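Right, one structure below, let's go through it.
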Amino acid sequence: MIEDISRKRWFMGKGRQIRSIEKLDSIPIGGTKVSIIQVLFESGERDYYCVIEDESKIGAVLAEYFGPNFPKETLLHARPLNAEQSNSAFYSKGEFFFKLYRRLQVGEHPEAEIMKHLSQKAAQGLPKIAPDFYGDFSYTKDGETRTLGILEEHVPDAQNAWDLMVRTPNEKAQTGSQNFFADAAFELGRTTAQMHKALKDLEGTPAQAEEVPFDKLIGLLKANGKENLIARVESIRSQQVRGDNAGTHALQPQRIHGDYHLGQLLYKDGKFIVLDFEGEPTRTLEYRRRLRSPAADIAGMLRSFAYASAVRGDKEFEQVTAEAFLQGYSRESGISVAQLKEEASPYVLGKAIYEACYELEFRPDWFWIPERALKSGL
């Protein structure tokens with residue numbers, strides 16, 4: 001079983017030479033075992049993973065761990081969600097959702113931290129913008145704690161926001177043409193501002209200058225025969241698109257979502273529910289808990305509208321939804337749309353650089369979407 005780790009979809013070390021795979025600990029629970037696995041790479045780096053010996057017994061594992069504070073009979077109904085990526089998920093419709101983190105890091109996990117904070121804020125009367133948080137599944141040894149997963153509310157019969165925004169023209173017509181999407185984007189802008197307001201007093205690691213992978217993109221462009229774009233990338237770099245001057249801005253560094261796009265939200269009854277607060281899973285916990293400008297989340301959503309527009313083949317869609325989103329954020333935050341656009345601009349370009357790297361590495365057929373953004377200068 002241990003040797004099979006490198007073939008799992010959630011294994012993040014693909015393409016790296018493995019020196020050894022070792023079981024560090026194994027905890028009997030729920031009639032099976034939860035194991036902590038160390039993967040040592042030839043580079044000397046180490047990754048740690050969580051493996052459940054018999055995942056068909058996940059309900060019994062959850063019942064034994066969370067049972068004192070959550071109905072055991074309900075937890076026993078856990079079944080897998082067939083959408084594995086960097087983590088695995090199990091749920092019981094309308095009752096609970098359990099996310100099992102595969103790659104583990106030592107320290108406080110940002111998703112558990114943020115969801116607990118948001119649940120407390122909702123209990124204090126602020127708008128509820130995320131599922132209720134029921135608890136975390138953690139492992140501690142030698143004074144080091146690793147979060148293995150979180151238990152939260154399952155929201156039934158909701159639609160993923162990405163699916164909502166890429167509806168076909170026929171479906172769009174049935175819901176009132178562009179007005180529906182403008183209204184939805186406006187509501188999403190309000191929800192985003194509410195999220196940032198709720199997170200404003202949550203502590204985190206110190207703010208730092210944003211890192212934009214210019215050199216990585218230039219290397220990928222050369223490797224993929226797209227040298228004609230290098231001058232454009234260098235021009236963007238010369239503008240110092242970093243968002244370093246946050247101190248003079250209306251949007252001050254604070255805790256944010258950190259990986260914000262349409263795929264991270266549910267839509268139900270005209271409202272949006274924010275999910276997946278873990279940040280980018282390949283980053284360190286310190287980075288993911290960093291204070292950053294909310295403009296980074298705003299930019300992520302603006303770029304997500306651009307992707308949805310490209311998939312739909314509807315040039316007006318991006319303009320309509322982006323403008324409505326900013327109007328909604330402005331209404332809720334009191335910051336003018338002009339100011340939001342100014343502060344988000346460098347982050348939007350930085351996000352497009354990041355997207356270009358990702359698409360060239362993993363989805364070259366999608367590269368044309370960030371390429372279009374780089375050429376236009378946004």
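By convention in this document, the chains of the structure tokens carry letters A, B, ... by their order, each chain's residues are numbered from 1, and ligands are numbered from 1 in the order they are shown.
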Next item on the list: Could you find all residues in segment 52-233 of chain A that DSSP calls strand (DSSP E or B) from the backbone, and write them as number ranges by chain?
Entry: A: 52, 79-80, 87-92, 96-101, 103-104, 106, 133-141, 144-152, 159-160, 205
Margin query: Residues near His196 of chain A, anyone? I mean within 10 Å using only C-alpha atoms, not counting same-chain ones fewer than 4 positions away, as a list of chain:residue names.
Written below: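 Contacts, in chain order: A:Thr191, A:Thr192, A:Lys200, A:Asp201, A:Leu251, A:Gln254, A:Arg255, A:Ile256, A:His257, A:Ser293, A:Pro294, A:Asp297, A:Ser333.
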So that I have them on file, write out the residues from the current selection with all heavy atoms, as a short mmCIF file (atom, residue, chain, number, x, y, z; two decimals), in the first residue's frame.
data_model
loop_
_atom_site.label_atom_id
_atom_site.label_comp_id
_atom_site.auth_asym_id
_atom_site.auth_seq_id
_atom_site.Cartn_x
_atom_site.Cartn_y
_atom_site.Cartn_z
N THR A 191 -20.81 39.32 -0.97
CA THR A 191 -20.35 38.20 -0.14
C THR A 191 -18.85 38.26 0.09
O THR A 191 -18.36 38.00 1.20
CB THR A 191 -20.71 36.86 -0.82
OG1 THR A 191 -22.13 36.79 -0.98
CG2 THR A 191 -20.24 35.67 0.00
N THR A 192 -18.10 38.61 -0.95
CA THR A 192 -16.64 38.70 -0.84
C THR A 192 -16.23 39.79 0.15
O THR A 192 -15.33 39.59 0.98
CB THR A 192 -16.03 38.96 -2.22
OG1 THR A 192 -16.46 37.95 -3.14
CG2 THR A 192 -14.50 38.97 -2.15
N LYS A 200 -11.00 40.29 9.03
CA LYS A 200 -10.09 41.42 9.26
C LYS A 200 -9.35 41.32 10.60
O LYS A 200 -8.21 41.76 10.72
CB LYS A 200 -10.87 42.73 9.18
CG LYS A 200 -10.00 43.96 9.13
CD LYS A 200 -10.79 45.20 8.72
CE LYS A 200 -11.06 45.22 7.23
NZ LYS A 200 -11.65 46.51 6.78
N ASP A 201 -9.99 40.75 11.63
CA ASP A 201 -9.35 40.71 12.95
C ASP A 201 -8.71 39.36 13.26
O ASP A 201 -8.32 39.11 14.40
CB ASP A 201 -10.36 41.07 14.04
CG ASP A 201 -11.54 40.11 14.09
OD1 ASP A 201 -11.72 39.33 13.14
OD2 ASP A 201 -12.28 40.15 15.09
N LEU A 251 -7.35 48.98 0.89
CA LEU A 251 -7.36 47.56 1.24
C LEU A 251 -6.05 47.21 1.93
O LEU A 251 -5.01 47.07 1.29
CB LEU A 251 -7.54 46.70 -0.03
CG LEU A 251 -8.87 46.88 -0.76
CD1 LEU A 251 -8.83 46.20 -2.13
CD2 LEU A 251 -10.03 46.33 0.07
N GLN A 254 -4.45 41.71 5.46
CA GLN A 254 -5.22 40.98 6.47
C GLN A 254 -5.31 39.53 6.02
O GLN A 254 -4.77 39.14 4.99
CB GLN A 254 -6.62 41.59 6.57
CG GLN A 254 -7.42 41.48 5.27
CD GLN A 254 -8.91 41.66 5.45
OE1 GLN A 254 -9.41 42.77 5.47
NE2 GLN A 254 -9.63 40.55 5.58
N ARG A 255 -5.98 38.68 6.78
CA ARG A 255 -6.22 37.32 6.33
C ARG A 255 -7.25 37.35 5.20
O ARG A 255 -8.26 38.07 5.27
CB ARG A 255 -6.73 36.45 7.48
CG ARG A 255 -5.70 36.20 8.56
CD ARG A 255 -4.51 35.41 8.05
NE ARG A 255 -4.86 34.04 7.72
CZ ARG A 255 -4.93 33.05 8.60
NH1 ARG A 255 -4.70 33.28 9.89
NH2 ARG A 255 -5.24 31.83 8.20
N ILE A 256 -6.99 36.55 4.17
CA ILE A 256 -7.89 36.47 3.02
C ILE A 256 -8.14 35.01 2.68
O ILE A 256 -7.63 34.10 3.34
CB ILE A 256 -7.32 37.22 1.80
CG1 ILE A 256 -6.01 36.55 1.32
CG2 ILE A 256 -7.09 38.70 2.12
CD1 ILE A 256 -5.49 37.09 0.00
N HIS A 257 -8.92 34.76 1.65
CA HIS A 257 -9.16 33.39 1.20
C HIS A 257 -7.89 32.79 0.65
O HIS A 257 -7.46 31.70 1.04
CB HIS A 257 -10.27 33.38 0.15
CG HIS A 257 -10.69 32.01 -0.29
ND1 HIS A 257 -9.93 31.24 -1.15
CD2 HIS A 257 -11.77 31.26 0.02
CE1 HIS A 257 -10.54 30.08 -1.36
NE2 HIS A 257 -11.65 30.07 -0.65
N SER A 293 -3.20 41.62 0.92
CA SER A 293 -4.25 42.55 0.52
C SER A 293 -5.47 41.79 0.01
O SER A 293 -5.33 40.85 -0.78
CB SER A 293 -3.74 43.48 -0.58
OG SER A 293 -4.82 44.22 -1.12
N PRO A 294 -6.67 42.19 0.40
CA PRO A 294 -7.88 41.60 -0.17
C PRO A 294 -7.95 41.74 -1.69
O PRO A 294 -8.70 41.03 -2.35
CB PRO A 294 -9.01 42.40 0.50
CG PRO A 294 -8.43 42.84 1.80
CD PRO A 294 -6.97 43.14 1.49
N ASP A 297 -7.66 38.46 -3.55
CA ASP A 297 -8.90 37.70 -3.75
C ASP A 297 -9.75 38.32 -4.84
O ASP A 297 -10.34 37.61 -5.67
CB ASP A 297 -9.71 37.66 -2.45
CG ASP A 297 -9.21 36.62 -1.45
OD1 ASP A 297 -8.40 35.76 -1.83
OD2 ASP A 297 -9.66 36.67 -0.29
N SER A 333 -18.48 47.43 1.08
CA SER A 333 -17.26 47.88 1.76
C SER A 333 -17.15 49.39 1.91
O SER A 333 -16.40 49.89 2.76
CB SER A 333 -16.02 47.38 1.00
OG SER A 333 -15.93 48.01 -0.27
#
Notebook entry, point to check: segment 204-219 of chain A: which residues within 6 Å, counting only C-alpha atoms, same-chain residues fewer than 2 positions away excluded, as a list of chain:residue names?
Noted result: A:Leu221, A:Lys222, A:Arg242, A:Asp244, A:Arg289, A:Arg290, A:Leu291, A:Arg292, A:Gly350, A:Cys357
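Among A:Ile236, A:Val34, A:Ile5, A:Ala344, the residue with the shortest atom-to-atom distance to Glu22 of chain A, counting only C-alpha atoms, is A:Ile5.
Shortest atom-to-atom contact with Glu187 of chain A among A:Glu280, A:Asp269, A:Glu73, A:Glu144: A:Asp269, counting only C-alpha atoms.
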Notebook entry, point to check: In Å, with one decimal, what is the gap from atom CA of Phe98 of chain A to atom CA of Lys121 of chain A?
Noted result: 21.5 Å
Item checked: Selection near Arg303 of chain A, 9 Å with only C-alpha atoms, sequence-local residues under 5 positions removed, as a list in words -> His261, Ile298, Ala308, Glu318, Ala322, Val348, Lys351, Ala352 and Pro370 of chain A
